[in-house]
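query_0.cif, holding mmCIF, C-alpha atoms:
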data_coords
#
loop_
_atom_site.label_atom_id
_atom_site.label_comp_id
_atom_site.auth_asym_id
_atom_site.auth_seq_id
_atom_site.Cartn_x
_atom_site.Cartn_y
_atom_site.Cartn_z
CA MET A 13 12.25 -36.99 21.56
CA ALA A 14 8.65 -38.10 21.02
CA THR A 15 7.54 -35.67 23.74
CA HIS A 16 9.44 -32.85 22.02
CA PHE A 17 7.47 -33.36 18.81
CA ASN A 18 4.03 -33.87 20.40
CA HIS A 19 3.07 -30.30 19.47
CA LEU A 20 3.80 -31.11 15.80
CA LYS A 21 1.10 -33.76 15.64
CA HIS A 22 -1.54 -31.34 14.34
CA GLY A 23 0.66 -28.24 13.89
CA ALA A 24 -1.69 -25.89 15.78
CA SER A 25 0.91 -24.78 18.32
CA ALA A 26 4.08 -25.52 16.36
CA THR A 27 6.54 -22.62 16.13
CA THR A 28 9.09 -24.25 13.83
CA LEU A 29 9.15 -22.83 10.31
CA PHE A 30 8.45 -26.14 8.55
CA LEU A 31 6.53 -29.27 9.56
CA PRO A 32 7.20 -32.73 8.07
CA ASP A 33 4.01 -32.64 5.97
CA GLU A 34 4.61 -29.10 4.60
CA ASN A 35 6.23 -28.18 1.30
CA PRO A 36 8.97 -25.53 1.80
CA ALA A 37 8.67 -24.58 -1.89
CA GLU A 38 5.22 -23.12 -1.15
CA PHE A 39 6.69 -20.89 1.56
CA PHE A 40 9.42 -19.58 -0.75
CA SER A 41 6.80 -18.98 -3.43
CA LEU A 42 4.90 -16.75 -0.98
CA LEU A 43 8.16 -14.98 -0.18
CA ASP A 44 8.96 -14.34 -3.86
CA ASP A 45 5.46 -13.04 -4.56
CA ALA A 46 5.51 -10.71 -1.55
CA PHE A 47 8.88 -9.17 -2.43
CA ALA A 48 7.84 -8.77 -6.07
CA GLU A 49 4.63 -7.01 -5.03
CA HIS A 50 6.00 -4.69 -2.34
CA GLN A 51 9.59 -4.23 -3.59
CA PRO A 52 11.11 -3.18 -0.24
CA GLY A 53 14.00 -0.75 -0.63
CA SER A 54 15.46 -0.81 2.89
CA LYS A 55 16.46 -3.40 5.50
CA GLN A 56 13.56 -2.35 7.69
CA ALA A 57 11.06 -2.78 4.87
CA SER A 58 12.60 -6.12 3.86
CA GLY A 59 12.26 -7.37 7.43
CA ILE A 60 8.60 -6.36 7.57
CA VAL A 61 7.84 -8.14 4.29
CA ALA A 62 9.65 -11.32 5.40
CA ARG A 63 7.90 -11.27 8.78
CA THR A 64 4.52 -10.79 7.11
CA VAL A 65 5.15 -13.82 4.89
CA GLN A 66 6.06 -15.91 7.94
CA TYR A 67 2.87 -14.83 9.75
CA HIS A 68 0.87 -15.70 6.64
CA TRP A 69 2.51 -19.11 6.53
CA THR A 70 1.63 -19.68 10.20
CA LEU A 71 -1.99 -18.62 9.61
CA LEU A 72 -2.32 -21.11 6.75
CA ARG A 73 -0.98 -23.82 9.08
CA ARG A 74 -3.45 -22.92 11.84
CA GLU A 75 -6.36 -22.92 9.41
CA ARG A 76 -5.28 -26.26 7.96
CA ALA A 77 -4.97 -27.82 11.45
CA ALA A 78 -8.41 -26.60 12.53
CA ASP A 79 -10.08 -27.71 9.31
CA ASN A 80 -8.44 -31.16 9.37
CA PHE A 81 -9.42 -31.78 12.99
CA GLU A 82 -13.06 -30.86 12.34
CA VAL A 83 -13.26 -32.99 9.19
CA ASN A 84 -11.77 -36.01 10.96
CA LEU A 85 -14.11 -35.49 13.92
CA HIS A 86 -17.14 -35.52 11.62
CA LEU A 87 -15.86 -38.67 9.91
CA ARG A 88 -15.30 -40.36 13.24
CA LEU A 89 -18.51 -39.14 14.90
CA PRO A 90 -21.03 -37.87 12.33
CA ASN A 91 -23.50 -36.97 15.06
CA SER A 92 -22.23 -33.91 16.96
CA SER A 93 -24.13 -35.01 20.06
CA ASP A 94 -21.61 -37.84 20.38
CA TRP A 95 -18.70 -35.44 20.64
CA SER A 96 -16.96 -35.49 23.99
CA THR A 97 -16.01 -32.54 26.15
CA SER A 98 -12.41 -33.18 25.14
CA ASP A 99 -13.34 -32.96 21.44
CA LEU A 100 -15.13 -29.66 21.95
CA HIS A 101 -12.25 -28.29 23.98
CA GLN A 102 -9.77 -29.29 21.29
CA MET A 103 -11.90 -27.62 18.58
CA GLU A 104 -12.15 -24.44 20.65
CA LEU A 105 -8.40 -24.45 21.22
CA LEU A 106 -7.67 -24.82 17.51
CA ASP A 107 -10.08 -22.03 16.69
CA ARG A 108 -8.29 -19.82 19.26
CA TYR A 109 -4.92 -20.59 17.64
CA ARG A 110 -6.34 -19.65 14.24
CA THR A 111 -7.82 -16.37 15.51
CA THR A 112 -4.55 -15.38 17.16
CA ALA A 113 -2.60 -16.11 13.97
CA ALA A 114 -5.09 -14.09 11.90
CA ARG A 115 -4.74 -11.07 14.19
CA THR A 116 -0.95 -11.25 14.10
CA PHE A 117 -0.97 -11.45 10.31
CA SER A 118 -3.40 -8.50 10.13
CA ARG A 119 -1.14 -6.34 12.32
CA SER A 120 1.85 -7.16 10.14
CA LEU A 121 -0.13 -6.16 7.04
CA ARG A 122 -0.80 -2.77 8.63
CA ASP A 123 2.91 -2.38 9.33
CA LEU A 124 3.57 -3.20 5.69
CA ALA A 125 1.02 -0.60 4.53
CA ASN A 126 2.71 2.04 6.71
CA CYS A 127 6.08 1.07 5.26
CA LYS A 128 4.74 1.54 1.72
CA LYS A 129 3.40 4.97 2.71
CA MET A 130 6.84 5.91 4.03
CA LYS A 131 8.33 4.88 0.68
CA HIS A 132 5.74 6.99 -1.15
CA ASP A 133 6.52 10.00 1.07
CA GLU A 134 10.22 9.50 0.36
CA LEU A 135 9.60 9.61 -3.39
CA ARG A 136 7.42 12.71 -2.93
CA TRP A 137 10.09 14.69 -1.07
CA GLN A 138 12.62 13.73 -3.73
CA GLN A 139 10.27 15.07 -6.42
CA ASN A 140 9.70 18.26 -4.42
CA LEU A 141 13.46 18.70 -4.01
CA GLU A 142 13.99 18.29 -7.76
CA LEU A 143 11.23 20.82 -8.42
CA GLN A 144 12.78 23.42 -6.12
CA LYS A 145 16.26 22.85 -7.58
CA GLN A 146 14.96 23.42 -11.10
CA LYS A 147 13.13 26.58 -10.04
CA PHE A 148 16.26 27.98 -8.38
CA ALA A 149 18.36 27.00 -11.39
CA LEU A 150 15.95 28.96 -13.61
CA GLN A 151 16.27 32.01 -11.35
CA LEU A 152 20.07 31.70 -11.48
CA GLU A 153 19.96 31.52 -15.27
CA ARG A 154 17.83 34.67 -15.45
CA PHE A 155 20.12 36.43 -12.94
CA ASN A 156 23.22 35.60 -14.97
CA LEU A 157 21.53 36.83 -18.16
CA SER A 158 20.52 40.10 -16.48
CA LYS A 159 24.03 40.50 -15.05
CA LYS A 160 25.56 39.97 -18.47
CA LYS A 161 23.32 42.62 -20.03
CA GLN A 162 24.45 45.15 -17.39
CA GLU A 163 28.14 44.63 -18.08
CA PRO A 164 29.79 47.47 -20.09
CA ALA A 165 30.29 46.71 -23.73
CA SER A 166 33.82 45.64 -24.56
CA GLU A 167 35.98 47.58 -26.97
CA PRO A 168 35.51 46.45 -30.56
CA PRO A 169 38.51 44.56 -31.93
CA PRO A 170 40.80 46.53 -34.26
CA THR A 171 39.93 46.26 -37.91
CA GLU A 172 42.41 44.15 -39.77
CA LYS A 173 43.62 45.14 -43.18
CA HIS A 174 42.66 42.77 -45.88
CA ASP A 175 43.07 42.37 -49.56
CA PRO A 176 40.08 43.74 -51.52
CA PHE A 177 40.06 40.58 -53.55
CA ASP A 178 39.17 38.67 -50.36
CA ASP A 179 35.70 40.27 -50.29
CA ASP A 180 34.40 37.50 -52.55
CA ILE A 181 35.54 34.79 -50.16
CA ASP A 182 32.94 33.19 -47.82
CA SER A 183 33.20 34.78 -44.38
CA GLY A 184 32.59 31.43 -42.61
CA ASP A 185 30.20 30.53 -39.77
CA ILE A 186 28.24 33.22 -38.00
CA PRO A 187 29.47 33.40 -34.38
CA GLU A 188 27.04 32.16 -31.76
CA SER A 189 25.23 34.72 -29.58
CA ASP A 190 22.89 34.67 -26.61
CA TYR A 191 19.29 33.83 -27.40
CA VAL A 192 17.15 36.98 -27.70
CA PRO A 193 13.37 36.43 -27.57
CA THR A 194 11.45 37.50 -30.63
CA PRO A 195 9.39 40.65 -30.09
CA GLY A 196 5.89 39.61 -29.05
CA SER A 197 7.15 36.33 -27.58
CA VAL A 198 6.35 35.30 -24.00
CA THR A 199 8.04 32.55 -21.94
CA GLN A 200 5.95 30.27 -19.74
CA ASP A 201 7.45 27.69 -17.29
CA LEU A 202 5.52 24.54 -16.37
CA TYR A 203 6.64 22.18 -13.56
CA ILE A 204 5.06 18.75 -14.06
CA GLY A 205 5.51 15.44 -12.23
CA LEU A 206 3.88 12.08 -11.42
CA GLU A 207 2.26 11.02 -8.14
CA ASP A 208 0.49 7.68 -7.79
CA ASP A 209 0.50 7.33 -11.62
CA ARG A 210 -1.31 10.68 -11.91
CA VAL A 211 0.03 13.70 -13.78
CA VAL A 212 0.46 16.59 -11.35
CA THR A 213 1.14 20.19 -12.44
CA TYR A 214 3.02 21.75 -9.54
CA GLU A 215 3.32 25.28 -10.91
CA VAL A 216 2.70 27.32 -14.07
CA THR A 217 4.50 30.68 -14.29
CA PRO A 218 2.91 32.91 -15.50
CA THR A 219 -0.49 31.23 -15.28
CA ASN A 220 -2.67 30.66 -18.33
CA ASP A 221 -5.18 33.22 -17.04
CA GLN A 222 -2.45 35.83 -16.67
CA LEU A 223 -1.27 35.24 -20.24
CA ARG A 224 -4.79 35.39 -21.68
CA SER A 225 -5.07 38.99 -20.49
CA GLN A 226 -1.73 39.92 -22.07
CA LEU A 227 -1.43 38.06 -25.36
CA THR A 228 -2.75 39.03 -28.76
CA ALA A 229 -3.24 36.86 -31.85
CA SER A 230 0.11 38.03 -33.26
CA ASP A 231 2.08 36.97 -30.19
CA SER A 232 3.95 33.68 -29.72
CA VAL A 233 4.65 31.64 -26.60
CA THR A 234 7.74 29.66 -25.66
CA ARG A 235 6.78 26.97 -23.18
CA ILE A 236 9.52 25.43 -21.01
CA TYR A 237 8.35 22.09 -19.60
CA HIS A 238 10.23 21.01 -16.45
CA PHE A 239 9.41 17.31 -15.99
CA ILE A 240 10.15 16.10 -12.45
CA GLY A 241 11.01 12.41 -12.18
CA GLY A 242 10.26 11.56 -15.81
CA VAL A 243 8.09 12.50 -18.79
CA PRO A 244 4.40 11.50 -18.40
CA ALA A 245 2.87 9.58 -21.31
CA GLU A 246 0.71 12.59 -22.24
CA TYR A 247 3.84 14.65 -22.95
CA GLN A 248 6.18 12.10 -24.50
CA HIS A 249 5.39 13.44 -27.99
CA LEU A 250 7.37 16.56 -27.03
CA VAL A 251 10.66 14.73 -26.57
CA THR A 252 12.86 12.61 -28.75
CA PRO A 253 12.04 8.88 -28.67
CA ASP A 254 14.98 8.07 -26.43
CA ALA A 255 14.13 5.41 -23.84
CA ALA A 256 16.84 6.75 -21.54
CA THR A 257 14.78 9.90 -20.89
CA TRP A 258 11.80 8.05 -19.49
CA GLY A 259 11.84 8.02 -15.70
CA LYS A 260 14.37 10.87 -15.50
CA SER A 261 13.92 14.58 -14.88
CA THR A 262 14.30 16.61 -18.06
CA THR A 263 13.47 20.03 -19.53
CA VAL A 264 11.83 20.56 -22.92
CA THR A 265 11.37 23.88 -24.75
CA LYS A 266 8.49 24.25 -27.21
CA ALA A 267 7.73 27.42 -29.22
CA MET A 268 4.20 27.92 -30.55
CA GLY A 269 1.84 30.50 -31.95
CA PHE A 270 -0.96 32.13 -30.00
CA TRP A 271 -3.75 29.90 -31.31
CA THR A 272 -1.80 26.69 -30.60
CA TRP A 273 -1.05 27.90 -27.09
CA GLN A 274 -4.70 28.82 -26.52
CA ASP A 275 -5.86 25.33 -27.58
CA LEU A 276 -3.43 23.76 -25.06
CA ALA A 277 -4.48 26.20 -22.33
CA ASP A 278 -8.16 25.33 -22.93
CA LEU A 279 -7.37 21.61 -22.52
CA GLU A 280 -5.56 22.32 -19.24
CA LYS A 281 -8.55 23.92 -17.54
#
Translate this file's structure into structure tokens.
Amino acid sequence: MATHFNHLKHGASATTLFLPDENPAEFFSLLDDAFAEHQPGSKQASGIVARTVQYHWTLLRRERAADNFEVNLHLRLPNSSDWSTSDLHQMELLDRYRTTAARTFSRSLRDLANCKKMKHDELRWQQNLELQKQKFALQLERFNLSKKKQEPASEPPPTEKHDPFDDDIDSGDIPESDYVPTPGSVTQDLYIGLEDDRVVTYEVTPTNDQLRSQLTASDSVTRIYHFIGGVPAEYQHLVTPDAATWGKSTTVTKAMGFWTWQDLADLEK
């Protein structure tokens, strides 16, 4: 049994997860910190994070073994000229173990960086999908509105006889009807999202430059903001203060006069 544990004497070549003089709580602290920082969302990513922590733990062990050996050697033989060939060989071996562990840890960190990039790309395609779905939904809405306008008018309902004295009675609520834009009003769609904590405007239809050549001071603009993946902080004043809307795709309609629109368009240059 003593022979089996010879390699644990200084820990330089030990492959077991824990050595007798190590504190497992420190390892699990590294594990907690790594998962909190990288937040892996798949089994593959979780495995890479866990493996990176283990390689980090091994590197710390190799560094500790090399440092302890050199310190003890200096205490035992302060003059380096007294060091034996065996001492120098042992120091070189420990340094080689440390270098190997550092390279392995570095490779695992690169794997982890690639995994994070894959996660970022996944979020990006989801945002792009949401953008395209909203654009197609807008086209469908416009198609249905156009189709409805082309339908022949239905026959008016027959006039019911009523008592003349009923003319003084309140006729009740006005029936709802389809929204008809005010003459001189223009609709503008903006598709906005977040990438790497930056506000990104994917598309503006029609563009601000196109509207500048069409609008007059008496016109008004109805802006439809399509927020992909949540409402950026710069636009949260447009929505109701409902925490449930943050982080979710939503659409906000804002009507404004020409001068208000022009001020916003100037800021968006």
List as a VMD selection string the residues having at least one atom at most 7 Å from position (-18.6, -32.1, 12.8) as given in the file, counting only C-alpha atoms. chain A and resid 82 to 83 85 to 86 90 92
Let me see the file: selected residues, C-alpha atoms, as a PDB file, keeping the file's coordinate frame.
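part_32.pdb, freshly written:
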ATOM      1  CA  GLU A  82     -13.060 -30.860  12.340  1.00  0.00           C
ATOM      2  CA  VAL A  83     -13.260 -32.990   9.190  1.00  0.00           C
ATOM      3  CA  LEU A  85     -14.110 -35.490  13.920  1.00  0.00           C
ATOM      4  CA  HIS A  86     -17.140 -35.520  11.620  1.00  0.00           C
ATOM      5  CA  PRO A  90     -21.030 -37.870  12.330  1.00  0.00           C
ATOM      6  CA  SER A  92     -22.230 -33.910  16.960  1.00  0.00           C
TER       7      SER A  92
END
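We find atom CA of Tyr109 of chain A and atom CA of Lys128 of chain A to be spaced 28.9 Å apart.
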Quick one: apply the PyMOL selection byres ((chain A and resi 59-74) around 7) to the file and drop the selected residues here as number ranges by chain. A: 23-24, 39, 42-43, 46-47, 55-58, 75-78, 109-110, 113-114, 116-117, 120-121, 124
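The two atoms in question, atom CA of Trp271 of chain A and atom CA of Ser232 of chain A, are spaced 8.7 Å apart.
Take atom CA of Gln162 of chain A and atom CA of Lys147 of chain A: the distance between them is 23.0 Å.
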